[in-house]
$ cat final02.txt   # compact mmCIF, C-alpha atoms
# COMPACT_ATOMS: atom_id res chain seq x y z
CA MET A 1 36.49 0.26 -7.97
CA SER A 2 39.83 0.19 -6.31
CA GLU A 3 39.87 -2.96 -4.27
CA GLY A 4 38.40 -6.40 -4.49
CA ALA A 5 38.94 -9.98 -5.34
CA SER A 6 39.01 -10.61 -8.99
CA GLY A 7 38.35 -14.29 -8.82
CA THR A 8 35.18 -16.08 -7.89
CA SER A 9 33.04 -14.30 -5.37
CA SER A 10 30.53 -17.00 -4.52
CA GLY A 11 30.24 -19.11 -1.39
CA LEU A 12 30.41 -18.07 2.24
CA GLY A 13 34.12 -17.42 1.72
CA SER A 14 33.11 -14.27 -0.17
CA TYR A 15 32.42 -12.63 3.18
CA VAL A 16 35.92 -13.51 4.34
CA ARG A 17 37.40 -12.09 1.13
CA LEU A 18 35.38 -8.93 1.57
CA LEU A 19 36.43 -8.35 5.19
CA ARG A 20 40.09 -9.04 4.33
CA LEU A 21 40.18 -5.99 2.08
CA PRO A 22 42.16 -3.13 3.64
CA GLY A 23 39.81 -1.02 5.75
CA ALA A 24 36.74 -3.21 5.17
CA THR A 25 36.36 -4.58 8.71
CA PRO A 26 36.67 -1.17 10.45
CA LEU A 27 34.18 0.29 7.96
CA ALA A 28 31.65 -2.46 8.71
CA LEU A 29 32.08 -2.16 12.49
CA TRP A 30 31.88 1.63 12.64
CA GLY A 31 28.93 1.48 10.26
CA VAL A 32 27.10 -0.66 12.80
CA VAL A 33 27.84 1.88 15.55
CA GLY A 34 26.62 4.79 13.43
CA ARG A 35 23.35 3.26 12.31
CA ALA A 36 22.41 1.35 15.46
CA PRO A 37 20.23 4.31 16.53
CA ILE A 38 18.00 3.65 13.50
CA ALA A 39 16.51 0.72 15.42
CA MET A 40 16.56 2.53 18.77
CA ARG A 41 15.74 6.22 18.36
CA SER A 42 11.96 6.12 17.88
CA ILE A 43 11.48 3.47 20.57
CA ALA A 44 13.62 5.48 23.00
CA CYS A 45 11.55 8.56 22.22
CA LEU A 46 8.29 6.67 22.81
CA LEU A 47 9.55 5.30 26.11
CA LEU A 48 10.78 8.67 27.41
CA VAL A 49 7.73 10.72 26.42
CA SER A 50 5.27 8.12 27.73
CA ALA A 51 7.23 7.78 30.98
CA VAL A 52 7.29 11.54 31.60
CA THR A 53 3.84 12.56 30.35
CA GLY A 54 1.97 9.28 30.74
CA SER A 55 0.52 9.79 27.25
CA LEU A 56 1.15 7.31 24.46
CA ALA A 57 -0.67 9.64 22.07
CA GLU A 58 1.83 12.45 22.69
CA ALA A 59 4.70 9.97 22.48
CA GLY A 60 3.46 8.81 19.09
CA VAL A 61 3.18 12.37 17.79
CA VAL A 62 6.75 13.25 18.85
CA ALA A 63 8.23 10.04 17.44
CA ALA A 64 6.31 10.40 14.17
CA ALA A 65 7.49 14.01 13.77
CA MET A 66 11.10 12.87 14.12
CA LEU A 67 10.72 10.02 11.61
CA LEU A 68 8.90 12.12 9.04
CA ALA A 69 11.49 14.90 9.29
CA GLN A 70 14.27 12.39 8.77
CA GLY A 71 12.53 10.81 5.79
CA THR A 72 11.96 14.20 4.19
CA VAL A 73 15.42 15.69 4.69
CA SER A 74 17.71 12.65 4.25
CA PRO A 75 17.71 12.86 0.41
CA VAL A 76 18.76 16.52 0.73
CA LEU A 77 21.66 15.48 2.96
CA GLY A 78 22.52 12.71 0.49
CA ARG A 79 22.56 15.24 -2.33
CA ALA A 80 24.84 17.49 -0.27
CA ALA A 81 27.18 14.55 0.35
CA ASP A 82 27.41 13.85 -3.38
CA ARG A 83 28.26 17.49 -4.10
CA HIS A 84 30.52 18.36 -1.16
CA SER A 85 31.67 14.95 0.21
CA GLN A 86 30.22 12.61 2.81
CA ARG A 87 32.90 13.61 5.28
CA ARG A 88 31.70 17.22 5.50
CA VAL A 89 28.05 16.23 5.75
CA LEU A 90 28.64 13.54 8.38
CA LEU A 91 30.76 15.78 10.61
CA THR A 92 28.39 18.75 10.33
CA ALA A 93 25.21 16.70 10.72
CA CYS A 94 26.42 14.70 13.73
CA ALA A 95 27.32 17.89 15.62
CA ALA A 96 23.92 19.40 14.84
CA HIS A 97 22.24 16.11 15.71
CA VAL A 98 23.74 16.08 19.19
CA VAL A 99 22.39 19.59 19.72
CA GLY A 100 18.95 18.56 18.47
CA MET A 101 18.93 15.43 20.61
CA THR A 102 19.92 17.43 23.67
CA MET A 103 17.06 19.85 23.00
CA LEU A 104 14.68 16.90 22.63
CA ILE A 105 15.73 15.23 25.88
CA VAL A 106 15.58 18.49 27.85
CA SER A 107 12.17 19.46 26.45
CA ILE A 108 10.71 16.07 27.32
CA VAL A 109 12.23 15.81 30.80
CA LEU A 110 11.06 19.34 31.64
CA GLU A 111 7.58 18.47 30.29
CA ALA A 112 7.59 21.31 27.79
CA PRO A 113 4.41 21.91 25.75
CA LEU A 114 3.85 19.40 22.97
CA PRO A 115 4.68 21.85 20.13
CA LEU A 116 8.13 22.44 21.65
CA MET A 117 8.78 18.72 21.92
CA VAL A 118 7.67 18.28 18.33
CA ALA A 119 9.94 21.12 17.20
CA ALA A 120 12.93 19.51 18.94
CA ALA A 121 12.02 16.16 17.37
CA VAL A 122 11.93 17.78 13.93
CA VAL A 123 15.41 19.26 14.48
CA THR A 124 16.65 15.83 15.55
CA GLY A 125 15.14 14.16 12.49
CA CYS A 126 16.41 16.79 10.07
CA THR A 127 19.99 16.25 11.27
CA SER A 128 19.82 12.45 11.01
CA VAL A 129 21.63 11.35 7.87
CA SER A 130 20.56 8.14 6.15
CA PHE A 131 23.52 6.19 7.51
CA THR A 132 22.52 3.00 5.69
CA SER A 133 22.51 4.90 2.39
CA PHE A 134 25.89 6.46 3.05
CA MET A 135 27.37 3.05 3.87
CA ARG A 136 26.10 1.48 0.65
CA ALA A 137 27.58 4.35 -1.35
CA ARG A 138 30.90 3.78 0.42
CA TRP A 139 30.95 0.07 -0.37
CA ALA A 140 30.24 0.91 -4.03
CA ALA A 141 33.27 3.22 -4.02
CA MET A 142 35.51 0.75 -2.23
CA VAL A 143 35.00 -2.72 -3.74
CA GLU A 144 34.74 -4.10 -7.27
CA LYS A 145 31.44 -5.33 -8.68
CA GLY A 146 32.30 -8.97 -7.99
CA LEU A 147 32.10 -8.34 -4.25
CA LEU A 148 29.53 -5.57 -4.22
CA ARG A 149 26.59 -7.98 -3.86
CA THR A 150 28.35 -9.57 -0.88
CA ALA A 151 28.94 -6.13 0.66
CA TYR A 152 25.25 -5.28 0.36
CA ALA A 153 24.34 -8.68 1.81
CA LEU A 154 26.64 -7.99 4.77
CA GLU A 155 24.97 -4.61 5.26
CA SER A 156 21.54 -6.24 5.19
CA MET A 157 22.57 -8.86 7.77
CA LEU A 158 24.02 -6.17 10.02
CA ASP A 159 20.76 -4.22 9.70
CA ASP A 160 18.79 -7.32 10.73
CA THR A 161 21.08 -7.82 13.72
CA ILE A 162 20.63 -4.18 14.73
CA PHE A 163 16.86 -4.49 14.57
CA LEU A 164 17.07 -7.67 16.65
CA LEU A 165 19.23 -6.23 19.42
CA GLY A 166 18.59 -2.46 19.27
CA PRO A 167 15.04 -2.45 20.70
CA LEU A 168 16.11 -4.83 23.47
CA LEU A 169 19.07 -2.62 24.41
CA VAL A 170 17.14 0.65 24.44
CA THR A 171 14.30 -0.89 26.46
CA LEU A 172 16.78 -2.24 29.00
CA LEU A 173 18.49 1.15 29.32
CA ALA A 174 15.21 3.01 29.70
CA THR A 175 13.84 0.66 32.36
CA ALA A 176 16.97 -0.24 34.31
CA VAL A 177 18.82 3.10 34.25
CA HIS A 178 16.63 6.09 33.33
CA PRO A 179 14.00 6.71 30.62
CA ALA A 180 16.28 9.35 29.00
CA THR A 181 19.27 7.01 28.77
CA GLY A 182 18.09 5.44 25.53
CA LEU A 183 18.07 8.75 23.63
CA ALA A 184 21.38 9.79 25.18
CA VAL A 185 23.05 6.56 24.04
CA CYS A 186 21.58 7.06 20.56
CA ALA A 187 23.20 10.50 20.37
CA LEU A 188 26.55 9.10 21.53
CA LEU A 189 26.46 6.26 19.00
CA THR A 190 25.54 8.61 16.16
CA LEU A 191 28.36 10.99 17.06
CA THR A 192 30.97 8.25 17.42
CA GLY A 193 29.98 6.31 14.32
CA SER A 194 29.66 9.41 12.15
CA ILE A 195 33.13 10.70 13.07
CA ALA A 196 34.75 7.28 12.58
CA VAL A 197 33.13 6.68 9.19
CA ALA A 198 33.82 10.26 8.07
CA LEU A 199 37.53 9.73 8.80
CA HIS A 200 37.58 6.43 6.88
CA ARG A 201 39.19 7.94 3.78
CA ARG A 202 39.65 4.65 1.87
CA SER A 203 35.89 4.33 1.31
CA GLU A 204 35.11 8.01 0.76
CA PRO A 205 33.05 8.43 -2.44
CA THR A 206 34.61 11.13 -4.60
CA PRO A 207 32.27 14.01 -5.53
CA GLU A 208 32.07 14.03 -9.32
CA PRO A 209 30.47 17.22 -10.64
CA THR A 210 30.04 17.37 -14.40
CA VAL A 211 32.09 20.08 -16.09
CA GLY A 212 30.01 23.21 -16.56
CA ARG A 213 27.07 22.11 -14.40
CA GLY A 214 26.21 20.39 -11.16
CA PRO A 215 26.28 16.63 -10.61
CA GLU A 216 23.57 14.50 -12.21
CA ARG A 217 20.47 14.22 -10.02
CA ALA A 218 19.48 10.71 -8.92
CA ILE A 219 15.81 11.70 -8.72
CA LYS A 220 15.78 12.43 -12.49
CA VAL A 221 16.60 8.82 -13.40
CA PRO A 222 13.55 6.64 -14.27
CA GLY A 223 15.15 3.55 -12.73
CA VAL A 224 15.52 5.36 -9.41
CA TRP A 225 11.81 6.18 -9.44
CA VAL A 226 10.90 2.54 -10.08
CA LEU A 227 13.10 1.39 -7.21
CA MET A 228 11.64 4.05 -4.91
CA LEU A 229 8.10 2.92 -5.67
CA CYS A 230 9.08 -0.75 -5.20
CA TYR A 231 10.62 0.10 -1.84
CA ALA A 232 7.48 2.04 -0.94
CA GLY A 233 5.36 -1.05 -1.64
CA MET A 234 7.69 -3.27 0.36
CA GLY A 235 7.85 -0.74 3.20
CA PHE A 236 4.05 -0.59 3.36
CA GLN A 237 4.06 -4.37 3.67
CA PHE A 238 6.68 -4.32 6.45
CA GLY A 239 4.62 -1.81 8.45
CA ALA A 240 1.41 -3.80 8.01
CA VAL A 241 3.13 -7.07 8.96
CA ASP A 242 4.54 -5.51 12.14
CA VAL A 243 1.01 -4.55 13.14
CA THR A 244 -0.22 -8.02 12.17
CA MET A 245 2.18 -9.62 14.63
CA ILE A 246 1.25 -7.25 17.46
CA ALA A 247 -2.48 -7.68 16.82
CA PHE A 248 -2.22 -11.46 16.58
CA ALA A 249 -0.33 -11.66 19.87
CA ARG A 250 -3.06 -9.55 21.46
CA GLU A 251 -5.74 -11.84 20.05
CA GLN A 252 -3.92 -14.80 21.56
CA SER A 253 -3.94 -13.03 24.95
CA ALA A 254 -0.13 -13.07 24.88
CA PRO A 255 1.00 -9.54 23.98
CA GLY A 256 4.55 -10.38 25.04
CA LEU A 257 4.85 -12.72 22.06
CA SER A 258 4.69 -9.83 19.61
CA GLY A 259 8.40 -9.17 20.16
CA VAL A 260 9.15 -12.84 19.54
CA PHE A 261 7.22 -12.83 16.26
CA LEU A 262 8.97 -9.68 15.06
CA ALA A 263 12.38 -11.10 16.03
CA LEU A 264 11.65 -14.29 14.08
CA ILE A 265 10.95 -12.23 10.96
CA SER A 266 14.42 -10.72 11.35
CA VAL A 267 15.88 -14.21 11.84
CA GLY A 268 14.37 -15.38 8.54
CA SER A 269 15.71 -12.28 6.80
CA LEU A 270 19.15 -12.68 8.37
CA ILE A 271 19.54 -16.31 7.27
CA SER A 272 18.31 -15.70 3.72
CA GLY A 273 20.51 -12.61 3.40
CA ALA A 274 23.61 -14.62 4.32
CA VAL A 275 22.78 -17.30 1.76
CA TYR A 276 21.80 -14.84 -0.95
CA GLY A 277 25.02 -12.86 -0.62
CA ALA A 278 27.11 -16.03 -0.86
CA VAL A 279 25.57 -17.23 -4.15
CA ASN A 280 26.87 -15.98 -7.49
CA TRP A 281 23.51 -15.31 -9.15
CA ARG A 282 23.38 -15.49 -12.95
CA LEU A 283 19.93 -13.93 -13.32
CA PRO A 284 19.74 -10.20 -14.08
CA GLN A 285 19.22 -8.26 -10.87
CA ALA A 286 16.01 -6.71 -12.21
CA ARG A 287 14.53 -10.18 -12.57
CA VAL A 288 15.80 -11.15 -9.13
CA LEU A 289 13.96 -8.12 -7.70
CA SER A 290 10.69 -9.33 -9.25
CA LEU A 291 11.24 -12.88 -7.98
CA THR A 292 11.99 -11.74 -4.44
CA THR A 293 9.01 -9.36 -4.30
CA CYS A 294 6.83 -12.25 -5.51
CA VAL A 295 8.13 -14.51 -2.73
CA LEU A 296 7.79 -11.63 -0.27
CA THR A 297 4.13 -11.21 -1.19
CA LEU A 298 3.31 -14.92 -1.09
CA GLY A 299 5.11 -15.28 2.25
CA VAL A 300 2.68 -12.89 3.95
CA VAL A 301 -0.51 -14.63 2.76
CA PRO A 302 -0.33 -17.47 5.34
CA LEU A 303 -0.21 -14.92 8.18
CA ALA A 304 -3.90 -14.22 7.58
CA PHE A 305 -4.76 -17.86 8.33
CA ALA A 306 -2.59 -18.52 11.42
CA GLU A 307 -4.55 -19.96 14.33
CA SER A 308 -1.93 -20.61 17.00
CA SER A 309 1.18 -18.92 18.33
CA LEU A 310 3.35 -21.91 17.44
CA VAL A 311 2.21 -21.81 13.83
CA MET A 312 2.75 -18.05 13.72
CA CYS A 313 6.35 -18.50 14.89
CA PHE A 314 7.03 -20.72 11.89
CA LEU A 315 5.18 -18.42 9.50
CA ALA A 316 7.04 -15.38 10.83
CA VAL A 317 10.35 -16.91 9.77
CA LEU A 318 8.92 -17.65 6.32
CA ALA A 319 7.57 -14.11 6.02
CA GLY A 320 11.09 -12.75 6.54
CA VAL A 321 12.86 -15.04 4.07
CA ALA A 322 12.60 -12.72 1.06
CA ILE A 323 13.23 -9.41 2.87
CA SER A 324 17.02 -9.25 2.69
CA PRO A 325 17.30 -10.67 -0.85
CA GLY A 326 14.77 -8.12 -2.08
CA LEU A 327 16.57 -5.20 -0.45
CA ILE A 328 19.97 -6.46 -1.65
CA ALA A 329 18.69 -6.74 -5.22
CA GLY A 330 17.30 -3.22 -4.96
CA SER A 331 20.62 -1.86 -3.67
CA THR A 332 22.54 -3.61 -6.45
CA LEU A 333 20.18 -2.14 -9.05
CA MET A 334 20.52 1.33 -7.54
CA GLU A 335 24.29 1.12 -7.96
CA SER A 336 23.73 0.16 -11.62
CA VAL A 337 21.12 2.73 -12.69
CA CYS A 338 22.06 5.73 -10.55
CA PRO A 339 24.71 8.23 -11.69
CA LYS A 340 27.97 7.39 -9.97
CA GLY A 341 28.26 10.86 -8.47
CA ALA A 342 24.75 10.70 -6.97
CA LEU A 343 24.76 7.38 -5.09
CA SER A 344 24.40 8.90 -1.62
CA GLU A 345 21.32 10.79 -2.82
CA GLY A 346 19.94 7.74 -4.63
CA PHE A 347 20.22 5.42 -1.66
CA SER A 348 18.75 8.13 0.57
CA TRP A 349 15.67 8.28 -1.66
CA LEU A 350 15.22 4.52 -1.22
CA THR A 351 15.54 4.81 2.54
CA SER A 352 13.06 7.68 2.68
CA ALA A 353 10.54 5.91 0.45
CA GLY A 354 10.77 2.78 2.57
CA GLY A 355 10.64 4.59 5.90
CA ILE A 356 7.66 6.79 5.10
CA SER A 357 5.72 3.86 3.61
CA ILE A 358 6.44 1.76 6.71
CA ALA A 359 4.72 4.48 8.71
CA ALA A 360 1.79 4.42 6.27
CA GLY A 361 1.57 0.62 6.42
CA THR A 362 1.60 0.74 10.20
CA ALA A 363 -1.19 3.33 10.28
CA VAL A 364 -3.41 1.51 7.76
CA GLY A 365 -2.67 -1.91 9.24
CA GLY A 366 -3.40 -0.66 12.75
CA ARG A 367 -6.75 0.76 11.70
CA LEU A 368 -7.73 -2.46 9.92
CA ALA A 369 -6.56 -4.61 12.84
CA ASP A 370 -8.63 -2.59 15.31
CA VAL A 371 -11.77 -3.01 13.21
CA PHE A 372 -11.39 -6.41 11.51
CA GLY A 373 -8.56 -8.22 13.31
CA SER A 374 -4.97 -9.21 12.53
CA ALA A 375 -5.90 -11.03 9.30
CA ALA A 376 -7.04 -7.74 7.73
CA ALA A 377 -3.67 -6.16 8.50
CA ALA A 378 -1.96 -9.15 6.89
CA TRP A 379 -4.00 -8.70 3.71
CA ALA A 380 -3.01 -5.03 3.66
CA GLY A 381 0.59 -6.22 3.73
CA VAL A 382 -0.11 -8.55 0.81
CA GLY A 383 -1.46 -5.55 -1.10
CA GLY A 384 1.76 -3.60 -0.52
CA GLY A 385 3.89 -6.52 -1.65
CA PHE A 386 1.73 -7.05 -4.74
CA ALA A 387 2.12 -3.37 -5.68
CA ALA A 388 5.92 -3.75 -5.41
CA LEU A 389 5.78 -6.87 -7.58
CA VAL A 390 3.74 -5.17 -10.31
CA LEU A 391 6.01 -2.13 -10.28
CA SER A 392 9.14 -4.28 -10.52
CA LEU A 393 7.68 -6.10 -13.55
CA VAL A 394 6.49 -2.94 -15.30
CA GLY A 395 9.84 -1.26 -14.61
CA GLN A 396 12.02 -4.02 -16.08
CA PRO A 397 12.99 -1.95 -19.18
CA VAL A 398 14.37 0.97 -17.15
CA LEU A 399 15.92 -1.24 -14.48
CA ASN A 400 17.95 -3.07 -17.13
CA VAL A 401 19.37 0.16 -18.53
CA ALA A 402 23.06 0.80 -17.82
CA ARG A 403 24.29 3.74 -15.77
CA PRO A 404 22.71 6.89 -17.28
CA VAL A 405 25.85 9.00 -17.40
CA ALA A 406 29.26 8.06 -18.67
CA GLU A 407 32.06 7.57 -16.22
CA PRO A 408 34.65 10.37 -16.28
CA THR A 409 37.55 9.38 -18.49
CA SER A 410 40.92 9.28 -16.77
CA GLU A 411 44.27 7.62 -17.22
CA LEU A 412 43.27 5.02 -14.62
CA ALA A 413 40.01 4.28 -16.44
CA VAL A 414 41.86 3.85 -19.74
CA GLN A 415 44.32 1.45 -18.12
CA GLU A 416 41.49 -0.59 -16.60
CA GLN A 417 39.86 -0.94 -20.03

$ encode --input "final02.txt" --output "structure tokens"
Amino acid sequence: MSEGASGTSSGLGSYVRLLRLPGATPLALWGVVGRAPIAMRSIACLLLVSAVTGSLAEAGVVAAAMLLAQGTVSPVLGRAADRHSQRRVLLTACAAHVVGMTMLIVSIVLEAPLPLMVAAAVVTGCTSVSFTSFMRARWAAMVEKGLLRTAYALESMLDDTIFLLGPLLVTLLATAVHPATGLAVCALLTLTGSIAVALHRRSEPTPEPTVGRGPERAIKVPGVWVLMLCYAGMGFQFGAVDVTMIAFAREQSAPGLSGVFLALISVGSLISGAVYGAVNWRLPQARVLSLTTCVLTLGVVPLAFAESSLVMCFLAVLAGVAISPGLIAGSTLMESVCPKGALSEGFSWLTSAGGISIAAGTAVGGRLADVFGSAAAAWAGVGGGFAALVLSLVGQPVLNVARPVAEPTSELAVQEQ
């Protein structure tokens, strides 16, 4: 790690110390620009397709195709970044993404047959890098371990902020300007953020192929598998809880409150993430992951017993309290167990596992809510959280193992020792 504060890194001042590092503030800001479409792209697609075709079913198919394509291909792009550099992958992918997004917008506006819209959505998803994963790999390359937890906490808070404001922005653009504006802005943000981050050389992770063979694969590391499965359990819970909030608002004859409930979950996560990143935790991160998944699971249980909108507002904040700490602990563990030259791939696997399981949790929770009510969806979320908890406990031995490959020896490494 080349930069960082070597002293204490606890307290809210740790964020100030982090952002004072050369290049840290521009990296954080451009990272927000590049990944803002994560919270906007699928909603913008739903709004445009439904506005043009009048079919929510077709809109759901197109949006799902885009998300599934992204979840499937992002680890491949992460692997390419580890082998050939993030800069090359970001610049190539963002150019292809603009082409794919243009095809998607044109096909929808011209009311092309559904298979053509789906094909354009797949191209768009396949060219969408896991920006969050790339950013975490960059922080790991840029700061020392003492500030790495704070960097991941900052990333988590920025993600929460994006998911608070992104849907509001894209909805405003689609309704006040034109239904296609949301997707067009997503393409512009992806292009701008990708180029800016790609040119941020200070944080560029260095490809580190092993002599005589290719770089170590993240997917071959047992600890990576445990983290992927934990993220899958948490993602399933997130999807089910989202449906719980929407279904509960409908049951209260106030569908507009669903957005408020979902925003309050992000508020709880944002506050806890800020506090978590400011505390210098002494517990092993593997144990912290188990503790946070336990709190995450217990926090969803009360949602099944809510009887009023006011109570649900309070419970929504509580349900979000453990989200950021759990994801931060997972990111910190990934940096510890994953081969240094495969971090972009490793973080991409986490993002894919979480994203695909969110879709699964949404589908299962929606089915249960339609048949049995919002409480059933909440219990499905509890099941996902419990699975993550069990996996984190069973996986303690491999999560506590040090990095699986030795760091390359160099004059700088010898001097640091």

$ residues_around --input "final02.txt" --residues "range 255-257 of chain A" --least-positions-apart "5" --cutoff "10 Å" --atoms "all atoms listed in the file" --output "ChimeraX atom specification"
/A:245-250,262-263,309,313

$ residues_near_point --input "final02.txt" --point "(11.3, 13.2, 10.6)" --cutoff "12 Å" --atoms "all atoms listed in the file" --output "PyMOL selection string"
chain A and resi 41-42+61-74+118-130+352+355-356+359

$ closest_residue --input "final02.txt" --among "A:Gly273, A:Gly385, A:Pro22, A:Pro37" --to "Val170 in chain A" --atoms "all atoms listed in the file"
A:Pro37

$ atom_distance --input "final02.txt" --atom1 "CA of Glu345 in chain A" --atom2 "CA of Ala184 in chain A"
28.0 Å

$ closest_residue --input "final02.txt" --among "A:Ala137, A:Ala153, A:Ala360, A:Val382" --to "Asp82 in chain A" --atoms "only C-alpha atoms"
A:Ala137

$ atom_distance --input "final02.txt" --atom1 "CA of Leu169 in chain A" --atom2 "CA of Ala196 in chain A"
22.0 Å

$ closest_residue --input "final02.txt" --among "A:Gly146, A:Pro397, A:Gly60, A:Gly381" --to "Met117 in chain A" --atoms "all atoms listed in the file"
A:Gly60
